[in-house]
>>> print(open('entry14.cif').read())   # mmCIF, C-alpha atoms
data_final
#
loop_
_atom_site.label_atom_id
_atom_site.label_comp_id
_atom_site.auth_asym_id
_atom_site.auth_seq_id
_atom_site.Cartn_x
_atom_site.Cartn_y
_atom_site.Cartn_z
CA MET A 1 -9.86 83.80 9.03
CA ASN A 2 -9.42 80.15 9.30
CA MET A 3 -12.51 79.81 11.54
CA PHE A 4 -14.75 81.43 8.94
CA LYS A 5 -13.90 78.85 6.24
CA LEU A 6 -14.54 75.84 8.43
CA VAL A 7 -18.16 76.49 9.12
CA PRO A 8 -19.60 76.09 5.56
CA THR A 9 -17.75 72.80 5.10
CA ALA A 10 -19.30 71.31 8.19
CA LEU A 11 -22.73 72.32 7.03
CA LEU A 12 -22.28 70.71 3.63
CA LEU A 13 -21.41 67.32 5.13
CA ALA A 14 -24.50 67.35 7.31
CA ALA A 15 -26.77 68.03 4.36
CA SER A 16 -25.34 65.21 2.35
CA ALA A 17 -25.94 62.70 5.07
CA SER A 18 -29.52 63.81 5.36
CA ALA A 19 -30.16 63.29 1.62
CA ALA A 20 -28.75 59.75 1.60
CA SER A 21 -30.98 58.50 4.31
CA ALA A 22 -33.96 59.58 2.27
CA GLN A 23 -33.36 57.05 -0.60
CA SER A 24 -35.74 54.07 -0.98
CA SER A 25 -33.07 51.60 -2.23
CA ASP A 26 -29.88 50.59 -0.59
CA THR A 27 -26.58 49.16 -1.72
CA ALA A 28 -23.78 47.44 -0.01
CA GLY A 29 -20.30 47.65 -1.26
CA PRO A 30 -17.84 47.91 -2.65
CA LEU A 31 -16.94 44.52 -1.24
CA PRO A 32 -13.21 43.97 -1.28
CA ILE A 33 -12.27 40.38 -1.98
CA THR A 34 -8.70 39.45 -1.25
CA GLY A 35 -6.70 36.31 -1.12
CA ASN A 36 -3.07 35.29 -0.93
CA VAL A 37 -0.96 32.47 -2.11
CA PRO A 38 1.82 31.62 0.29
CA ALA A 39 5.18 30.80 -1.13
CA LEU A 40 5.37 27.04 -1.19
CA CYS A 41 8.03 24.60 -2.28
CA SER A 42 7.97 20.88 -2.77
CA VAL A 43 10.84 18.61 -3.73
CA GLY A 44 8.40 16.49 -5.67
CA THR A 45 8.59 12.76 -5.95
CA LEU A 46 11.78 10.79 -5.74
CA SER A 47 12.05 8.53 -8.75
CA GLY A 48 14.80 6.28 -7.37
CA ASN A 49 15.31 4.59 -4.05
CA GLY A 50 17.02 7.55 -2.49
CA THR A 51 20.52 6.17 -2.35
CA PHE A 52 23.67 6.23 -4.41
CA PRO A 53 25.04 2.69 -4.14
CA LEU A 54 28.72 2.80 -5.01
CA GLY A 55 29.59 -0.79 -4.15
CA VAL A 56 33.23 -1.66 -3.54
CA LEU A 57 35.13 1.57 -3.15
CA ILE A 58 38.64 0.27 -3.73
CA ASP A 59 40.70 -1.49 -6.32
CA THR A 60 41.27 -4.70 -4.39
CA SER A 61 44.64 -5.25 -6.03
CA THR A 62 46.03 -1.99 -4.67
CA GLY A 63 43.76 -0.98 -1.80
CA LEU A 64 43.42 2.46 -3.36
CA LEU A 65 40.19 4.24 -4.21
CA ARG A 66 38.74 3.13 -7.51
CA GLY A 67 38.93 5.68 -10.28
CA ASP A 68 35.72 4.56 -11.92
CA LEU A 69 33.25 4.96 -9.06
CA SER A 70 29.79 5.96 -10.21
CA ALA A 71 26.13 5.65 -9.35
CA PRO A 72 23.00 6.55 -11.34
CA PRO A 73 21.59 10.01 -10.59
CA GLN A 74 18.49 10.36 -8.43
CA VAL A 75 15.65 12.45 -9.86
CA LEU A 76 13.21 14.59 -7.89
CA SER A 77 10.26 14.70 -10.26
CA ALA A 78 7.80 17.61 -10.44
CA ALA A 79 9.45 19.67 -7.78
CA PHE A 80 8.02 23.17 -7.57
CA CYS A 81 8.20 26.51 -5.84
CA THR A 82 5.37 29.02 -6.20
CA ALA A 83 7.71 31.97 -5.88
CA GLN A 84 11.29 32.85 -6.48
CA SER A 85 13.47 30.37 -4.72
CA THR A 86 16.86 29.01 -3.91
CA ILE A 87 18.13 25.48 -4.27
CA THR A 88 20.81 24.34 -1.87
CA VAL A 89 22.75 21.12 -1.89
CA SER A 90 24.86 19.94 1.03
CA ALA A 91 26.62 16.65 1.65
CA THR A 92 28.63 14.71 4.17
CA PRO A 93 31.62 12.60 3.13
CA LEU A 94 31.51 8.83 2.93
CA GLN A 95 33.01 7.51 6.13
CA SER A 96 33.50 4.05 7.54
CA VAL A 97 30.58 3.27 9.83
CA ASN A 98 32.17 0.61 12.04
CA ALA A 99 35.86 1.47 11.92
CA THR A 100 35.56 4.83 13.63
CA GLY A 101 39.02 5.05 15.18
CA THR A 102 41.81 7.18 13.81
CA PRO A 103 43.28 5.26 10.87
CA PRO A 104 46.92 4.20 11.06
CA GLY A 105 49.50 5.94 8.92
CA GLY A 106 48.93 5.44 5.22
CA PHE A 107 45.20 4.83 5.66
CA SER A 108 42.06 6.90 5.52
CA ARG A 109 38.43 6.25 6.43
CA THR A 110 36.99 9.10 4.38
CA VAL A 111 35.94 9.49 0.77
CA ASN A 112 35.10 12.97 -0.44
CA TYR A 113 32.94 13.69 -3.44
CA THR A 114 30.95 16.38 -5.21
CA ALA A 115 27.16 16.36 -5.13
CA THR A 116 25.30 18.36 -7.77
CA ALA A 117 21.65 19.27 -8.20
CA SER A 118 20.80 20.36 -11.72
CA GLY A 119 17.63 21.28 -13.60
CA TRP A 120 16.39 23.96 -11.25
CA THR A 121 18.75 26.77 -12.05
CA ALA A 122 20.94 27.55 -15.00
CA THR A 123 23.98 26.75 -12.92
CA ALA A 124 23.76 23.52 -10.98
CA ALA A 125 24.11 23.74 -7.24
CA SER A 126 27.15 21.79 -6.16
CA PHE A 127 28.81 20.86 -2.90
CA THR A 128 32.18 19.20 -2.44
CA THR A 129 32.73 17.46 0.86
CA GLY A 130 36.02 18.26 2.48
CA ALA A 131 36.29 21.58 0.64
CA ALA A 132 37.04 24.67 2.70
CA THR A 133 34.19 26.56 1.05
CA ASN A 134 31.33 25.74 -1.25
CA PRO A 135 30.25 28.98 -2.88
CA ALA A 136 28.16 27.19 -5.52
CA ALA A 137 26.13 25.23 -2.99
CA THR A 138 23.19 27.63 -3.23
CA GLN A 139 21.73 28.86 -6.50
CA SER A 140 18.78 31.22 -7.00
CA ARG A 141 16.04 31.62 -9.53
CA THR A 142 13.79 34.66 -9.74
CA THR A 143 10.59 33.01 -10.91
CA ALA A 144 8.25 30.31 -9.75
CA PHE A 145 9.16 27.02 -11.31
CA GLN A 146 8.16 23.44 -11.63
CA GLY A 147 10.44 20.77 -12.98
CA ASP A 148 12.70 17.83 -12.31
CA ILE A 149 15.88 18.04 -10.29
CA SER A 150 18.63 15.58 -11.07
CA VAL A 151 20.96 14.87 -8.18
CA ALA A 152 24.30 13.25 -8.91
CA VAL A 153 27.52 12.40 -7.11
CA GLY A 154 31.00 12.24 -8.62
CA ALA A 155 34.62 13.41 -8.43
CA PHE A 156 35.49 11.01 -5.65
CA SER A 157 38.75 11.34 -3.76
CA THR A 158 40.32 9.87 -0.68
CA GLY A 159 40.30 12.10 2.36
CA GLY A 160 43.90 13.01 3.13
CA GLY A 161 45.08 12.24 -0.38
CA ASN A 162 44.60 9.59 -3.02
CA ALA A 163 47.85 7.87 -2.03
CA LEU A 164 46.16 6.67 1.15
CA ARG A 165 44.41 3.32 1.34
CA LEU A 166 40.94 2.98 2.76
CA VAL A 167 40.46 0.96 5.91
CA ALA A 168 38.28 -2.07 5.43
CA ASP A 169 34.69 -1.71 6.54
CA PRO A 170 31.52 -3.34 5.21
CA ALA A 171 29.73 0.00 5.44
CA TYR A 172 30.79 3.42 4.28
CA ALA A 173 28.02 6.03 4.40
CA GLY A 174 27.47 9.63 3.50
CA ASN A 175 24.48 11.86 2.87
CA VAL A 176 23.28 14.41 0.32
CA THR A 177 20.54 16.93 1.16
CA VAL A 178 18.73 19.02 -1.44
CA THR A 179 16.67 21.94 -0.16
CA LEU A 180 14.28 24.20 -2.04
CA ALA A 181 13.39 27.41 -0.24
CA ALA A 182 11.05 30.18 -1.28
CA THR A 183 12.63 33.58 -0.99
CA ASN A 184 9.67 35.98 -0.98
CA MET B 185 -30.27 55.42 9.65
CA ARG B 186 -28.71 53.68 6.80
CA ALA B 187 -25.90 51.37 7.62
CA ARG B 188 -23.13 50.34 5.33
CA THR B 189 -21.30 47.23 6.17
CA PRO B 190 -17.99 46.88 4.46
CA LEU B 191 -17.41 43.23 3.81
CA ILE B 192 -14.01 41.87 3.36
CA LEU B 193 -13.82 38.38 1.97
CA ALA B 194 -10.48 36.99 2.70
CA ALA B 195 -9.38 33.79 1.07
CA LEU B 196 -6.41 31.83 2.01
CA LEU B 197 -5.10 29.29 -0.40
CA ALA B 198 -4.39 26.27 1.67
CA PRO B 199 -1.48 24.15 0.61
CA ALA B 200 -2.84 22.02 -2.15
CA ILE B 201 -0.05 19.47 -2.15
CA ALA B 202 0.96 17.59 0.89
CA GLY B 203 4.50 18.31 1.92
CA ALA B 204 4.64 21.74 0.32
CA GLN B 205 6.14 24.30 2.67
CA SER B 206 8.07 27.47 2.28
CA SER B 207 11.06 25.17 2.12
CA ALA B 208 11.37 21.46 1.45
CA SER B 209 14.28 19.04 1.62
CA GLN B 210 15.18 15.59 0.39
CA ASP B 211 17.90 13.44 1.92
CA LEU B 212 19.73 10.94 -0.24
CA GLY B 213 22.11 8.32 1.08
CA VAL B 214 25.51 7.57 -0.41
CA ASN B 215 26.98 4.21 0.50
CA GLY B 216 29.74 1.80 -0.35
CA ASN B 217 32.03 -0.74 1.23
CA VAL B 218 35.69 -1.57 1.47
CA PRO B 219 36.33 -5.30 1.71
CA GLY B 220 39.17 -6.59 3.78
CA SER B 221 41.93 -6.90 1.27
CA CYS B 222 45.66 -7.20 1.16
CA ALA B 223 48.03 -6.54 -1.68
CA ILE B 224 51.66 -7.42 -2.28
CA GLY B 225 53.65 -5.71 -4.97
CA ALA B 226 56.41 -7.07 -7.18
CA PRO B 227 59.63 -8.17 -5.47
CA ARG B 228 62.77 -6.08 -5.67
CA LEU B 229 66.17 -6.78 -4.25
CA ALA B 230 67.16 -4.72 -1.26
CA ALA B 231 70.23 -2.73 -2.16
CA GLY B 232 73.53 -3.98 -0.80
CA ALA B 233 72.12 -7.02 0.94
CA GLN B 234 72.96 -9.65 -1.62
CA VAL B 235 75.68 -12.27 -1.17
CA ASN B 236 76.27 -15.00 -3.76
CA PHE B 237 72.99 -14.41 -5.56
CA ARG B 238 72.85 -13.50 -9.23
CA GLY B 239 69.83 -11.37 -8.71
CA LEU B 240 66.15 -11.42 -9.22
CA ASN B 241 64.70 -12.60 -12.51
CA GLY B 242 61.01 -11.90 -12.30
CA THR B 243 60.12 -13.71 -9.13
CA THR B 244 63.04 -16.12 -9.25
CA LEU B 245 66.12 -15.75 -7.12
CA GLN B 246 69.10 -17.58 -8.51
CA ILE B 247 72.10 -18.54 -6.44
CA ASP B 248 75.33 -17.68 -8.19
CA GLN B 249 77.75 -20.36 -6.92
CA MET B 250 75.87 -22.98 -4.97
CA VAL B 251 78.92 -25.11 -4.25
CA ASP B 252 82.21 -24.03 -2.80
CA PRO B 253 84.77 -25.39 -5.29
CA THR B 254 87.22 -26.17 -2.54
CA THR B 255 84.88 -28.10 -0.23
CA LEU B 256 82.32 -29.19 -2.81
CA SER B 257 79.78 -28.39 -0.17
CA THR B 258 77.29 -25.56 0.07
CA ASN B 259 78.42 -22.03 -0.45
CA ALA B 260 77.03 -19.36 1.85
CA ALA B 261 74.45 -17.12 0.27
CA SER B 262 72.01 -14.51 1.43
CA ALA B 263 69.66 -12.00 -0.09
CA GLU B 264 66.96 -9.59 0.96
CA VAL B 265 63.88 -8.99 -1.11
CA ARG B 266 61.38 -6.23 -0.51
CA PHE B 267 57.74 -6.18 -1.44
CA GLU B 268 55.47 -3.16 -1.17
CA ALA B 269 52.45 -4.42 0.71
CA VAL B 270 49.26 -3.25 2.32
CA CYS B 271 46.48 -4.75 4.38
CA GLY B 272 43.46 -2.65 5.24
CA PHE B 273 42.33 -5.09 7.88
CA PRO B 274 43.73 -7.26 10.67
CA HIS B 275 45.39 -10.13 8.86
CA ARG B 276 47.54 -13.20 8.93
CA LEU B 277 51.04 -13.35 7.51
CA ARG B 278 52.03 -16.77 6.29
CA VAL B 279 55.24 -18.01 4.73
CA GLU B 280 55.14 -21.40 3.10
CA THR B 281 57.91 -23.48 1.59
CA GLN B 282 56.99 -26.06 -0.97
CA ASN B 283 59.97 -28.36 -0.30
CA ASN B 284 61.17 -27.44 3.18
CA GLY B 285 64.60 -26.73 1.73
CA LEU B 286 66.41 -26.61 -1.58
CA TRP B 287 65.95 -30.02 -3.10
CA GLN B 288 67.01 -31.48 -6.38
CA VAL B 289 64.49 -30.44 -9.00
CA HIS B 290 64.83 -33.71 -10.86
CA GLU B 291 65.02 -36.45 -8.29
CA ARG B 292 66.66 -39.66 -9.26
CA GLY B 293 64.82 -42.86 -8.60
CA ASN B 294 67.66 -44.61 -6.88
CA ALA B 295 68.83 -43.77 -3.39
CA PRO B 296 71.47 -41.07 -3.18
CA PRO B 297 74.98 -42.29 -2.48
CA GLU B 298 76.00 -42.24 1.12
CA GLY B 299 77.94 -39.25 2.33
CA PHE B 300 76.53 -36.83 -0.21
CA GLY B 301 74.07 -34.13 0.52
CA TYR B 302 71.11 -33.86 -1.80
CA ALA B 303 69.17 -31.05 -0.15
CA VAL B 304 70.16 -27.71 1.31
CA PRO B 305 68.51 -26.10 4.33
CA TYR B 306 67.95 -22.36 4.55
CA ARG B 307 66.24 -19.80 6.75
CA ALA B 308 63.57 -17.37 5.65
CA SER B 309 62.86 -14.37 7.84
CA VAL B 310 60.07 -11.93 7.18
CA ARG B 311 59.73 -8.52 8.79
CA TRP B 312 56.34 -6.90 8.41
CA ALA B 313 54.29 -4.44 10.44
CA ASP B 314 56.87 -4.40 13.25
CA GLU B 315 56.60 -8.17 13.56
CA ASN B 316 59.11 -10.87 12.70
CA LEU B 317 58.30 -14.26 11.28
CA ARG B 318 60.89 -16.96 10.84
CA LEU B 319 60.71 -20.16 8.84
CA ASN B 320 63.46 -22.73 9.14
CA ALA B 321 63.44 -24.94 6.06
CA ASP B 322 65.60 -27.68 7.53
CA ALA B 323 65.61 -29.99 4.48
CA GLN B 324 65.16 -33.06 6.64
CA ILE B 325 61.95 -34.16 4.92
CA ARG B 326 60.71 -32.99 1.58
CA ARG B 327 57.32 -31.54 2.42
CA ILE B 328 55.30 -28.39 2.61
CA ALA B 329 56.09 -26.38 5.71
CA ASP B 330 54.87 -23.04 6.86
CA SER B 331 55.03 -20.47 9.59
CA GLN B 332 52.44 -17.81 10.31
CA ILE B 333 51.61 -14.93 12.56
CA TYR B 334 48.52 -12.84 13.25
CA ILE B 335 48.78 -9.08 12.74
CA ALA B 336 46.07 -7.28 14.69
CA ASN B 337 46.19 -4.00 12.78
CA ASN B 338 46.09 -2.54 9.33
CA ALA B 339 49.54 -2.28 7.88
CA ILE B 340 51.26 -0.64 4.98
CA GLY B 341 54.87 -0.46 3.90
CA ASP B 342 57.68 -2.76 2.85
CA LEU B 343 57.56 -6.46 3.60
CA LEU B 344 61.17 -7.60 3.92
CA LEU B 345 62.14 -11.19 3.17
CA ARG B 346 65.63 -12.34 4.09
CA LEU B 347 66.98 -15.66 2.87
CA GLU B 348 70.12 -17.19 4.38
CA ILE B 349 72.04 -20.30 3.46
CA ASP B 350 74.85 -21.25 5.79
CA PRO B 351 78.17 -22.46 4.42
CA GLY B 352 78.41 -26.25 4.32
CA ALA B 353 74.72 -26.70 5.13
CA THR B 354 73.26 -29.92 3.73
CA ASN B 355 70.63 -32.41 4.72
CA GLU B 356 73.43 -34.78 5.59
CA ARG B 357 76.32 -33.90 7.84
CA ALA B 358 77.78 -30.42 7.74
CA ASN B 359 80.11 -29.76 4.84
CA ALA B 360 79.05 -32.91 3.04
CA PRO B 361 79.59 -32.64 -0.71
CA LEU B 362 76.46 -31.95 -2.69
CA LEU B 363 75.21 -34.18 -5.43
CA ALA B 364 75.28 -32.51 -8.80
CA GLY B 365 71.97 -31.21 -10.03
CA THR B 366 69.60 -28.30 -10.01
CA TYR B 367 68.19 -27.40 -6.64
CA GLY B 368 65.15 -25.36 -5.94
CA ASP B 369 62.26 -24.49 -3.70
CA THR B 370 59.20 -22.26 -3.93
CA LEU B 371 58.29 -19.81 -1.21
CA ARG B 372 54.86 -18.32 -0.89
CA ILE B 373 54.17 -15.25 1.21
CA THR B 374 50.52 -14.63 1.98
CA LEU B 375 48.76 -11.72 3.64
CA GLU B 376 45.25 -12.82 4.39
CA PRO B 377 42.52 -10.63 5.94
CA GLN B 378 41.10 -12.05 9.14
CA GLN B 379 37.77 -11.22 10.72
#
>>> encode(input="entry14.cif", output="structure tokens")
Amino acid sequence: MNMFKLVPTALLLAASASAASAQSSDTAGPLPITGNVPALCSVGTLSGNGTFPLGVLIDTSTGLLRGDLSAPPQVLSAAFCTAQSTITVSATPLQSVNATGTPPGGFSRTVNYTATASGWTATAASFTTGAATNPAATQSRTTAFQGDISVAVGAFSTGGGNALRLVADPAYAGNVTVTLAATN
Amino acid sequence: MRARTPLILAALLAPAIAGAQSSASQDLGVNGNVPGSCAIGAPRLAAGAQVNFRGLNGTTLQIDQMVDPTTLSTNAASAEVRFEAVCGFPHRLRVETQNNGLWQVHERGNAPPEGFGYAVPYRASVRWADENLRLNADAQIRRIADSQIYIANNAIGDLLLRLEIDPGATNERANAPLLAGTYGDTLRITLEPQQ
């Protein structure tokens, strides 16, 4: 019974092909046109010089970390991501560059701080050096976005405790990294 | 035979802005400096180490009974003073006496009478960073005198100053009577960072 039904269908397809070839005009198409936009991110243009100059880190009358340390924020202008994205901030503590040995008792060669990147997500991404965990270091947004990112440092503290003095060194250095990543 | 050619036009949007990638990063430096500095706190008398001193008034140590009423010569006296101190750098410890002994504050123009003492020697000892520094203010000549030592490490803790006046000590012979007057000297203790 199944064989009987197959025969007329095959005949119908053959007839149709024969009629098409008899037309005088021809068409081509449909022509599918496709494109894609890859997920791209750019951190934009840095408006400052790319450093947070803190100057003298200690109160020279006590040798203890200054309580009023500050530096102007750095702005990443016209940063963008063409898709949903994450912003991640990470940082390394300020450490003495030349005096690399283990400090004697009562001294430290480390200054911890919190780096924040705001403007990209409702909650700023933040990273505290010396912290056991940094759950707020990565923040997500669900839409493409273009805007400025303000990066700041603050909440300074002496590694090992604020009762420790910092060893003298003409150079203490740390680093902040801001990363935008598309998450398609 | 008619031929149909499906055409697929594929367009790829090349990155329009240099540096745009699926992820992008910016590094920012954080820098500062810690100058070589030393600090010395306010003096405080070490408990139980005070003999014949009235105590500490600000930064002034006052001897209680400078003269032994029976000999009219110098009474023994001693005191220990502590200073909280810190140096975040190798440094030099220096102790300086302004007069090289306890001398009369108001000197008389004429020569002192023979046989009387008119200055009192003393010893100053400083213990700091496991080092000892001693200054012997012998009161032989009124002048600035100092003693110093190099400390190769950072240091933090108590700087201990001990002052000692021997009984009968004068700039003349031992147990010479002292001329009446007010005697004094100024000590300076300096912690100075060294490169």
>>> closest_residue(input="entry14.cif", among="B:Val251, B:Ile328, B:Ala230, B:Val279", to="Gly352 (chain B)", atoms="all atoms listed in the file")
B:Val251
>>> interface_residues(input="entry14.cif", of="chain A", to="chain B", cutoff="6 Å", atoms="all atoms listed in the file", output="VMD selection string")
chain A and resid 21 31 to 37 39 to 43 50 to 57 61 to 62 167 to 182
>>> atom_distance(input="entry14.cif", atom1="CA of Phe300 (chain B)", atom2="CA of Ala321 (chain B)")
18.8 Å
>>> residues_around(input="entry14.cif", residues="region 260-268 of chain B", least_positions_apart="2", cutoff="6 Å", atoms="only C-alpha atoms", output="list in words")
Ile224, Gly225, Ala226, Pro227, Arg228, Leu229, Ala230, Ala233, Gln234, Val235, Asn236, Gly341, Asp342, Leu343, Leu344, Leu345, Arg346, Leu347, Glu348, Ile349, Asp350 and Pro351 of chain B
>>> resolve_selection(input="entry14.cif", expression="the PyMOL selection byres ((chain A and resi 141) around 9)", output="list in words")
Gln84, Ser85, Thr86, Ile87, Trp120, Thr121, Ala122, Gln139, Ser140, Thr142, Thr143, Ala144 and Phe145 of chain A
>>> atom_distance(input="entry14.cif", atom1="CA of Thr114 (chain A)", atom2="CA of Ala99 (chain A)")
23.2 Å
>>> atom_distance(input="entry14.cif", atom1="CA of Arg372 (chain B)", atom2="CA of Arg238 (chain B)")
20.4 Å
>>> resolve_selection(input="entry14.cif", expression="the PyMOL selection byres ((chain B and resi 256) around 9)", output="list in words")
Val251, Asp252, Pro253, Thr254, Thr255, Ser257, Thr258, Asn259, Gly352, Asn359, Ala360, Pro361 and Leu362 of chain B
>>> resolve_selection(input="entry14.cif", expression="the PyMOL selection byres ((chain A and resi 106-113) around 9)", output="ChimeraX atom specification")
/A:57,65,91-96,99-105,114-115,127-131,153-161,163-169,172,174 /B:272,338-341
>>> closest_residue(input="entry14.cif", among="B:Tyr302, B:Thr374, B:Val310, B:Leu277", to="Val289 (chain B)", atoms="all atoms listed in the file")
B:Tyr302
>>> closest_residue(input="entry14.cif", among="B:Asn355, B:Asn241, B:Gln282, B:Thr370", to="Gly301 (chain B)", atoms="all atoms listed in the file")
B:Asn355
